[in-house]
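Asker: Have a peek at protein31.txt (compact mmCIF, C-alpha atoms).
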```txt
# COMPACT_ATOMS: atom_id res chain seq x y z
CA MET A 259 15.53 3.58 5.40
CA THR A 260 12.59 1.77 7.00
CA ASP A 261 13.99 0.99 10.47
CA THR A 262 14.03 4.45 12.07
CA VAL A 263 11.02 5.55 14.12
CA PRO A 264 8.99 8.05 12.05
CA ASP A 265 8.21 11.49 13.45
CA ARG A 266 4.90 11.05 15.22
CA ALA A 267 3.28 14.46 14.63
CA HIS A 268 4.09 14.48 10.93
CA LEU A 269 3.02 10.90 10.30
CA VAL A 270 -0.24 11.17 12.25
CA ALA A 271 -1.13 14.35 10.35
CA THR A 272 -0.28 12.67 7.05
CA LEU A 273 -2.27 9.55 7.87
CA THR A 274 -5.25 11.70 8.81
CA ASP A 275 -4.92 13.55 5.49
CA GLN A 276 -4.90 10.17 3.74
CA TRP A 277 -8.13 9.13 5.41
CA ASP A 278 -9.67 12.47 4.40
CA ALA A 279 -8.56 11.89 0.79
CA LEU A 280 -10.25 8.50 0.76
CA ALA A 281 -13.46 9.99 2.12
CA ARG A 282 -13.43 12.70 -0.55
CA LEU A 283 -12.86 10.13 -3.28
CA VAL A 284 -16.00 8.13 -2.48
CA ASP A 285 -18.24 10.92 -1.20
CA GLY A 286 -21.28 11.27 -3.44
CA LEU A 287 -20.98 7.91 -5.21
CA ASP A 288 -24.25 6.17 -6.08
CA GLU A 289 -24.78 2.54 -5.08
CA THR A 290 -23.76 1.26 -8.51
CA ALA A 291 -20.40 3.02 -8.26
CA TRP A 292 -19.87 1.72 -4.72
CA ARG A 293 -20.24 -1.83 -6.02
CA THR A 294 -17.86 -1.29 -8.97
CA PRO A 295 -14.91 -3.73 -9.05
CA SER A 296 -11.72 -2.15 -7.71
CA ALA A 297 -8.19 -2.86 -8.93
CA LEU A 298 -7.99 -5.70 -6.40
CA PRO A 299 -9.45 -9.04 -7.55
CA GLY A 300 -12.55 -9.99 -5.60
CA TRP A 301 -13.07 -6.58 -4.02
CA THR A 302 -15.37 -3.75 -5.03
CA VAL A 303 -14.87 -0.08 -4.18
CA PHE A 304 -17.14 -0.71 -1.19
CA ASP A 305 -15.03 -3.68 -0.09
CA VAL A 306 -11.76 -1.74 -0.17
CA LEU A 307 -13.10 0.93 2.18
CA ALA A 308 -14.69 -1.75 4.37
CA HIS A 309 -11.29 -3.45 4.64
CA ILE A 310 -9.72 -0.23 5.94
CA ILE A 311 -12.54 0.14 8.46
CA GLY A 312 -11.89 -3.40 9.63
CA THR A 313 -8.16 -2.90 10.13
CA GLU A 314 -8.59 0.37 12.00
CA SER A 315 -11.37 -1.17 14.11
CA ILE A 316 -9.00 -3.96 15.14
CA LEU A 317 -6.45 -1.34 16.17
CA LEU A 318 -9.17 0.24 18.31
CA GLY A 319 -9.54 -3.09 20.10
CA GLU A 320 -12.84 -4.15 18.52
CA PRO A 321 -13.44 -7.91 18.06
CA THR A 322 -13.53 -9.39 14.57
CA PRO A 323 -17.08 -10.31 13.48
CA ASP A 324 -17.96 -14.01 13.36
CA GLN A 325 -18.64 -14.54 9.67
CA ASP A 326 -18.37 -17.49 7.30
CA VAL A 327 -16.35 -16.35 4.29
CA THR A 328 -15.12 -17.96 1.08
CA GLY A 329 -13.52 -16.73 -2.14
CA GLU A 330 -10.68 -17.50 -4.52
CA HIS A 331 -9.03 -14.20 -3.54
CA ILE A 332 -8.69 -15.35 0.09
CA ARG A 333 -5.21 -16.86 0.31
CA ASN A 334 -4.28 -16.90 4.00
CA ASP A 335 -5.41 -16.20 7.55
CA VAL A 336 -4.99 -12.45 7.11
CA GLY A 337 -7.19 -12.62 4.02
CA THR A 338 -9.82 -14.49 5.99
CA LEU A 339 -9.68 -11.89 8.76
CA ASN A 340 -10.08 -9.07 6.23
CA GLU A 341 -13.01 -10.81 4.58
CA LYS A 342 -14.87 -11.30 7.87
CA TRP A 343 -14.93 -7.54 8.39
CA ILE A 344 -15.92 -6.84 4.80
CA GLU A 345 -18.73 -9.41 4.87
CA SER A 346 -20.10 -7.95 8.11
CA LEU A 347 -20.27 -4.48 6.54
CA ARG A 348 -21.69 -5.42 3.13
CA PRO A 349 -25.36 -4.96 4.17
CA LEU A 350 -24.70 -1.22 4.66
CA THR A 351 -25.33 1.32 1.93
CA GLY A 352 -22.35 3.17 0.55
CA GLN A 353 -23.28 6.30 2.45
CA GLN A 354 -23.63 4.35 5.68
CA LEU A 355 -20.22 2.80 5.09
CA LEU A 356 -18.70 6.23 4.56
CA GLU A 357 -20.23 7.45 7.81
CA ARG A 358 -18.76 4.41 9.58
CA PHE A 359 -15.37 5.10 7.99
CA ARG A 360 -15.38 8.70 9.17
CA GLU A 361 -16.38 7.67 12.69
CA VAL A 362 -13.73 4.96 12.99
CA THR A 363 -10.89 7.03 11.54
CA ALA A 364 -11.82 9.98 13.77
CA ARG A 365 -11.43 7.73 16.81
CA ARG A 366 -8.14 6.40 15.47
CA ALA A 367 -6.83 9.91 14.85
CA LYS A 368 -7.69 10.85 18.44
CA ALA A 369 -5.98 7.74 19.80
CA LEU A 370 -2.84 8.40 17.73
CA ALA A 371 -2.71 12.02 18.86
CA GLU A 372 -2.73 10.86 22.47
CA ILE A 373 -0.21 8.02 22.22
CA SER A 374 2.91 8.41 24.36
CA PRO A 375 6.38 8.70 22.82
CA GLU A 376 7.29 5.43 24.54
CA SER A 377 4.36 3.58 22.97
CA TRP A 378 5.12 5.12 19.57
CA ALA A 379 8.66 3.74 19.71
CA GLU A 380 7.69 0.37 21.23
CA GLU A 381 8.41 -2.76 19.18
CA VAL A 382 5.18 -4.47 18.12
CA PRO A 383 4.17 -7.20 15.63
CA THR A 384 3.61 -5.73 12.16
CA PRO A 385 3.09 -7.14 8.65
CA VAL A 386 6.90 -6.96 8.20
CA GLY A 387 7.83 -8.50 11.56
CA MET A 388 8.68 -6.75 14.81
CA ALA A 389 9.05 -2.99 14.36
CA SER A 390 8.18 0.23 16.14
CA TYR A 391 4.53 1.19 16.42
CA GLY A 392 5.46 4.32 14.45
CA ARG A 393 6.75 2.15 11.60
CA PHE A 394 3.52 0.16 11.80
CA MET A 395 1.58 3.39 11.30
CA ARG A 396 3.68 4.21 8.25
CA ILE A 397 2.70 0.82 6.89
CA ARG A 398 -0.92 1.77 7.59
CA LEU A 399 -0.39 5.03 5.66
CA PHE A 400 1.15 3.09 2.78
CA ASP A 401 -1.73 0.59 2.78
CA CYS A 402 -4.37 3.33 2.69
CA TRP A 403 -2.42 5.24 0.01
CA MET A 404 -2.32 2.14 -2.19
CA HIS A 405 -6.02 1.49 -1.62
CA GLU A 406 -6.80 5.03 -2.76
CA HIS A 407 -5.27 4.00 -6.10
CA ASP A 408 -7.28 0.77 -6.11
CA ILE A 409 -10.52 2.70 -5.72
CA ALA A 410 -9.57 5.39 -8.23
CA ASP A 411 -8.48 2.82 -10.82
CA GLY A 412 -11.72 0.92 -10.37
CA LEU A 413 -13.75 4.09 -10.85
CA GLY A 414 -11.59 5.20 -13.79
CA VAL A 415 -10.62 8.52 -12.17
CA SER A 416 -7.28 10.15 -11.42
CA VAL A 417 -6.03 11.22 -8.00
CA ASP A 418 -2.96 13.10 -6.87
CA GLU A 419 -0.29 10.43 -6.37
CA GLY A 420 2.49 12.79 -5.26
CA GLY A 421 2.90 15.12 -2.33
CA PRO A 422 3.44 14.48 1.39
CA ARG A 423 1.31 11.33 1.59
CA ALA A 424 3.26 9.68 -1.22
CA ALA A 425 6.59 10.81 0.22
CA ALA A 426 5.75 9.36 3.64
CA GLY A 427 4.47 6.02 2.41
CA PHE A 428 6.78 5.46 -0.55
CA PRO A 429 9.68 3.91 1.44
CA GLU A 430 7.48 0.89 2.12
CA LEU A 431 7.49 0.16 -1.63
CA LEU A 432 11.25 -0.29 -1.55
CA THR A 433 11.53 -3.00 1.10
CA GLY A 434 11.25 -5.85 -1.40
CA LEU A 435 13.60 -4.57 -4.11
CA GLY A 436 16.56 -6.69 -3.03
CA ARG A 437 14.51 -9.85 -3.16
CA SER A 438 12.99 -8.81 -6.48
CA ALA A 439 16.46 -8.35 -7.98
CA VAL A 440 17.94 -11.66 -6.78
CA LYS A 441 15.03 -14.08 -6.35
CA GLY A 442 12.77 -12.67 -9.03
CA ALA A 443 15.04 -11.23 -11.72
CA GLY A 444 17.93 -13.63 -11.10
CA ALA A 445 20.58 -10.90 -10.85
CA LEU A 446 23.99 -12.49 -10.25
CA ASP A 447 26.76 -11.61 -7.80
CA GLY A 448 28.28 -8.28 -8.80
CA SER A 449 25.27 -7.10 -10.77
CA ALA A 450 24.28 -3.44 -10.64
CA LEU A 451 20.74 -2.30 -11.41
CA THR A 452 19.11 1.11 -11.57
CA ILE A 453 15.43 2.02 -11.44
CA GLU A 454 14.64 5.54 -12.70
CA LEU A 455 11.24 6.73 -11.54
CA THR A 456 9.54 9.60 -13.30
CA GLY A 457 6.15 11.13 -12.62
CA PRO A 458 4.76 12.38 -9.31
CA VAL A 459 7.41 10.66 -7.15
CA PRO A 460 10.73 10.92 -9.03
CA ARG A 461 13.48 8.74 -7.61
CA THR A 462 16.74 7.14 -8.73
CA LEU A 463 17.14 3.75 -7.08
CA HIS A 464 20.40 1.80 -7.29
CA ILE A 465 20.61 -1.89 -6.39
CA ALA A 466 23.93 -3.67 -5.85
CA VAL A 467 24.11 -7.47 -5.68
CA THR A 468 26.69 -9.10 -3.41
CA GLY A 469 26.58 -12.87 -3.35
CA LYS A 470 22.96 -13.90 -2.98
CA ARG A 471 21.84 -10.61 -1.46
CA ALA A 472 20.99 -7.24 -2.97
CA ASN A 473 20.71 -3.88 -1.27
CA LEU A 474 19.73 -0.35 -2.15
CA VAL A 475 22.83 1.85 -2.32
CA GLU A 476 23.39 5.56 -2.80
CA THR A 477 25.67 5.12 -5.83
CA LEU A 478 27.01 2.29 -7.97
CA ASP A 479 30.70 1.57 -8.46
CA GLY A 480 30.26 1.71 -12.22
CA PRO A 481 27.58 1.78 -14.93
CA ALA A 482 24.39 -0.16 -14.24
CA ASP A 483 24.03 -3.48 -16.03
CA THR A 484 20.42 -2.59 -16.66
CA THR A 485 18.28 0.51 -16.14
CA LEU A 486 14.51 0.26 -15.78
CA THR A 487 12.70 3.56 -16.38
CA LEU A 488 9.05 3.93 -15.49
CA ASP A 489 6.46 6.25 -14.01
CA SER A 490 6.20 6.08 -10.22
CA ARG A 491 2.49 5.33 -10.58
CA LEU A 492 3.24 2.19 -12.58
CA PHE A 493 6.03 1.28 -10.15
CA ALA A 494 3.58 1.42 -7.23
CA ARG A 495 1.14 -0.83 -9.06
CA PHE A 496 3.85 -3.29 -10.07
CA CYS A 497 5.07 -3.48 -6.45
CA GLY A 498 1.50 -3.96 -5.25
CA GLY A 499 0.83 -6.70 -7.78
CA ARG A 500 -1.76 -4.65 -9.66
CA THR A 501 0.08 -5.28 -12.94
CA LEU A 502 -2.69 -6.32 -15.32
CA PHE A 503 -4.65 -3.10 -14.94
CA ALA A 504 -1.61 -0.87 -14.61
CA ALA A 505 0.22 -2.17 -17.67
CA SER A 506 -2.57 -0.91 -19.92
CA ARG A 507 -2.10 2.67 -18.74
CA TRP A 508 1.62 3.31 -18.44
CA LYS A 509 4.73 1.91 -20.13
CA TYR A 510 8.30 1.31 -19.06
CA ALA A 511 11.67 1.25 -20.83
CA VAL A 512 14.78 -0.89 -20.38
CA SER A 513 18.35 0.00 -21.35
CA GLY A 514 21.43 -2.20 -21.01
CA ASP A 515 20.70 -5.86 -20.27
CA PHE A 516 17.17 -6.04 -21.66
CA ASP A 517 16.30 -9.50 -20.33
CA LEU A 518 17.45 -8.60 -16.81
CA GLY A 519 15.46 -5.38 -16.88
CA GLU A 520 12.36 -7.19 -18.12
CA ARG A 521 12.66 -9.80 -15.38
CA LEU A 522 13.05 -7.06 -12.79
CA ALA A 523 9.95 -5.21 -14.01
CA HIS A 524 7.87 -8.36 -13.67
CA SER A 525 9.33 -9.36 -10.30
CA LEU A 526 8.55 -6.19 -8.36
CA ALA A 527 5.33 -7.48 -6.76
CA PHE A 528 5.55 -8.20 -3.06
CA THR A 529 3.04 -8.95 -0.33
CA LEU A 530 3.10 -6.56 2.60
```
In C-alpha cells, how does this file's structure come out?

Answerer:
Amino acid sequence: MTDTVPDRAHLVATLTDQWDALARLVDGLDETAWRTPSALPGWTVFDVLAHIIGTESILLGEPTPDQDVTGEHIRNDVGTLNEKWIESLRPLTGQQLLERFREVTARRAKALAEISPESWAEEVPTPVGMASYGRFMRIRLFDCWMHEHDIADGLGVSVDEGGPRAAAGFPELLTGLGRSAVKGAGALDGSALTIELTGPVPRTLHIAVTGKRANLVETLDGPADTTLTLDSRLFARFCGGRTLFAASRWKYAVSGDFDLGERLAHSLAFTL
C-alpha cells in the first residue's frame, strides 16, 4: 500500500493544494490568534506553520539556523532540528510568517514540478527509512494535512478533512496498525480485528495476526474478534497522538472483545 511510487503529477498538485489550504486557514489571523496553542504540546499556531517552513526550507537546501533551544516537548534530534527553525522565525509577525510560507512553498512547488522521473523514483532517506522520493513527498503531504488539523483544532474551527488531500495522505496513517495491534493492544496469534471508519474518509480496515506479526488484509477468514468503530477524524488524531483534545470531540464504539478493542483504540498513536 505504501511501497509503490506515487504518481508525480497528482501528488505534486495535491501537495500544492494542501499548502494553499494551510495559507487560507491562517490568512487574516490577528497576532493573538497566531500565538494560540495548537493541538501539539509546546507549539502555537505560529509554530506549526514555522515548522513546515523549516522542513521545506531544508528540502530546498537551506542550512538550519544556529539556535539554542530547550523545551519538554523536544524529545530527539529531529525535535531539536524542528525547534531551531521555529525559534529563528518567532520574531516575525504572523503576516510576515505567512508571506515566508507562501514564498518557500512556491519555490518547492516549482522544484517538484521540474524533478525528473528518475529522481522521483530514487530511494532516499525518509522518516520511515529508505523509500522513493515520491513516497517521501506523500509523507510530506500527510504531515502538512495533519498540521492543518492541529491549527484548526487550536483555533476551534472546522476544516474539510475529506477529499483528494485526505485520500492521498491517508495511507500513511495505516503504516503502524500492525504494531498497534500486536505490541500495543496485545492481540494474540490468530486474532482478527476490524476498524470501521465513518465520516469524511470512510474505510473498513481488517487486521490479521499471525504469530507476532499483524498485517492489513482485504478480508478476514471469519468474524472479527473485535470491531472498533470511529470517525476518521478521531482516527487521524489517535494515530497522531493528539488523543486528549480529540477524545473530547468524537466518540468511538467497540463490539466483540471489548478489552481488545479498547486497547487497540488507545494504542493507535505512532511517531512518523

Asker: Smallest atom-to-atom distance to Ala379 of chain A: which of A:Cys402, A:Ile316, A:Val475, A:Val263, using all atoms listed in the file?

Answerer: A:Val263

Asker: Measuring atom to atom with only C-alpha atoms, identify which of A:Gly420, A:Thr322, A:Arg282, A:Ser390 is nearest to Arg360 of chain A.

Answerer: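 Of A:Gly420, A:Thr322, A:Arg282, A:Ser390, the one nearest Arg360 of chain A, counting only C-alpha atoms, is A:Arg282.
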
Asker: Identify which of the residues A:Val362, A:Ile465, A:Leu339, A:Ala527 lies closest to Thr477 of chain A, counting only C-alpha atoms when measuring atom-to-atom distances.

Answerer: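 The shortest atom-to-atom distance to Thr477 of chain A comes from A:Ile465.
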
Asker: When you count all atoms listed in the file, which of these residues is closest to Met404 of chain A: A:Leu287, A:Leu492, A:Ala271, A:Leu446?

Answerer: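 Using all atoms listed in the file, Met404 of chain A sits closest to A:Leu492.
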
Asker: How many Å lie between atom CA of Thr487 of chain A and atom CA of Arg471 of chain A, rounded to one decimal?

Answerer: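 We find that atom CA of Thr487 of chain A and atom CA of Arg471 of chain A lie 22.5 Å from each other.
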
Asker: Do a neighbour search on Pro375 of chain A at 12 Å with all atoms listed in the file, toss out local chain neighbours closer than 4 positions, and write the hits as a PyMOL selection string.

Answerer: chain A and resi 263-267+370-371+379-380+390-392

Asker: Reconstruct N, CA and C atoms of segment 273-294 of chain A; output as a compact mmCIF listing (two decimals), in the coordinates of the input.

Answerer:
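Result file selection.txt:
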```txt
# COMPACT_ATOMS: atom_id res chain seq x y z
N LEU A 273 -1.31 10.64 7.89
CA LEU A 273 -2.27 9.55 7.87
C LEU A 273 -3.70 10.07 7.93
N THR A 274 -3.92 11.08 8.74
CA THR A 274 -5.25 11.70 8.81
C THR A 274 -5.62 12.32 7.48
N ASP A 275 -4.68 12.99 6.82
CA ASP A 275 -4.92 13.55 5.49
C ASP A 275 -5.27 12.44 4.50
N GLN A 276 -4.61 11.28 4.63
CA GLN A 276 -4.90 10.17 3.74
C GLN A 276 -6.32 9.66 3.93
N TRP A 277 -6.75 9.54 5.16
CA TRP A 277 -8.13 9.13 5.41
C TRP A 277 -9.11 10.15 4.84
N ASP A 278 -8.81 11.43 4.96
CA ASP A 278 -9.67 12.47 4.40
C ASP A 278 -9.73 12.36 2.87
N ALA A 279 -8.59 12.03 2.24
CA ALA A 279 -8.56 11.89 0.79
C ALA A 279 -9.43 10.72 0.34
N LEU A 280 -9.40 9.64 1.08
CA LEU A 280 -10.25 8.50 0.76
C LEU A 280 -11.73 8.86 0.89
N ALA A 281 -12.07 9.59 1.93
CA ALA A 281 -13.46 9.99 2.12
C ALA A 281 -13.93 10.89 0.98
N ARG A 282 -13.07 11.82 0.56
CA ARG A 282 -13.43 12.70 -0.55
C ARG A 282 -13.62 11.92 -1.84
N LEU A 283 -12.81 10.90 -2.04
CA LEU A 283 -12.86 10.13 -3.28
C LEU A 283 -14.19 9.42 -3.45
N VAL A 284 -14.76 8.91 -2.37
CA VAL A 284 -16.00 8.13 -2.48
C VAL A 284 -17.25 8.92 -2.12
N ASP A 285 -17.09 10.12 -1.59
CA ASP A 285 -18.24 10.92 -1.20
C ASP A 285 -19.09 11.24 -2.43
N GLY A 286 -20.37 10.96 -2.34
CA GLY A 286 -21.28 11.27 -3.44
C GLY A 286 -21.48 10.16 -4.45
N LEU A 287 -20.79 9.02 -4.28
CA LEU A 287 -20.98 7.91 -5.21
C LEU A 287 -22.39 7.32 -5.06
N ASP A 288 -22.98 6.88 -6.18
CA ASP A 288 -24.25 6.17 -6.08
C ASP A 288 -23.96 4.69 -5.78
N GLU A 289 -24.98 3.93 -5.51
CA GLU A 289 -24.78 2.54 -5.08
C GLU A 289 -24.12 1.70 -6.17
N THR A 290 -24.40 2.00 -7.43
CA THR A 290 -23.76 1.26 -8.51
C THR A 290 -22.26 1.48 -8.49
N ALA A 291 -21.82 2.72 -8.30
CA ALA A 291 -20.40 3.02 -8.26
C ALA A 291 -19.73 2.36 -7.05
N TRP A 292 -20.43 2.35 -5.92
CA TRP A 292 -19.87 1.72 -4.72
C TRP A 292 -19.58 0.24 -4.97
N ARG A 293 -20.39 -0.40 -5.78
CA ARG A 293 -20.24 -1.83 -6.02
C ARG A 293 -19.41 -2.13 -7.28
N THR A 294 -18.74 -1.11 -7.81
CA THR A 294 -17.86 -1.29 -8.97
C THR A 294 -16.61 -2.07 -8.56
```
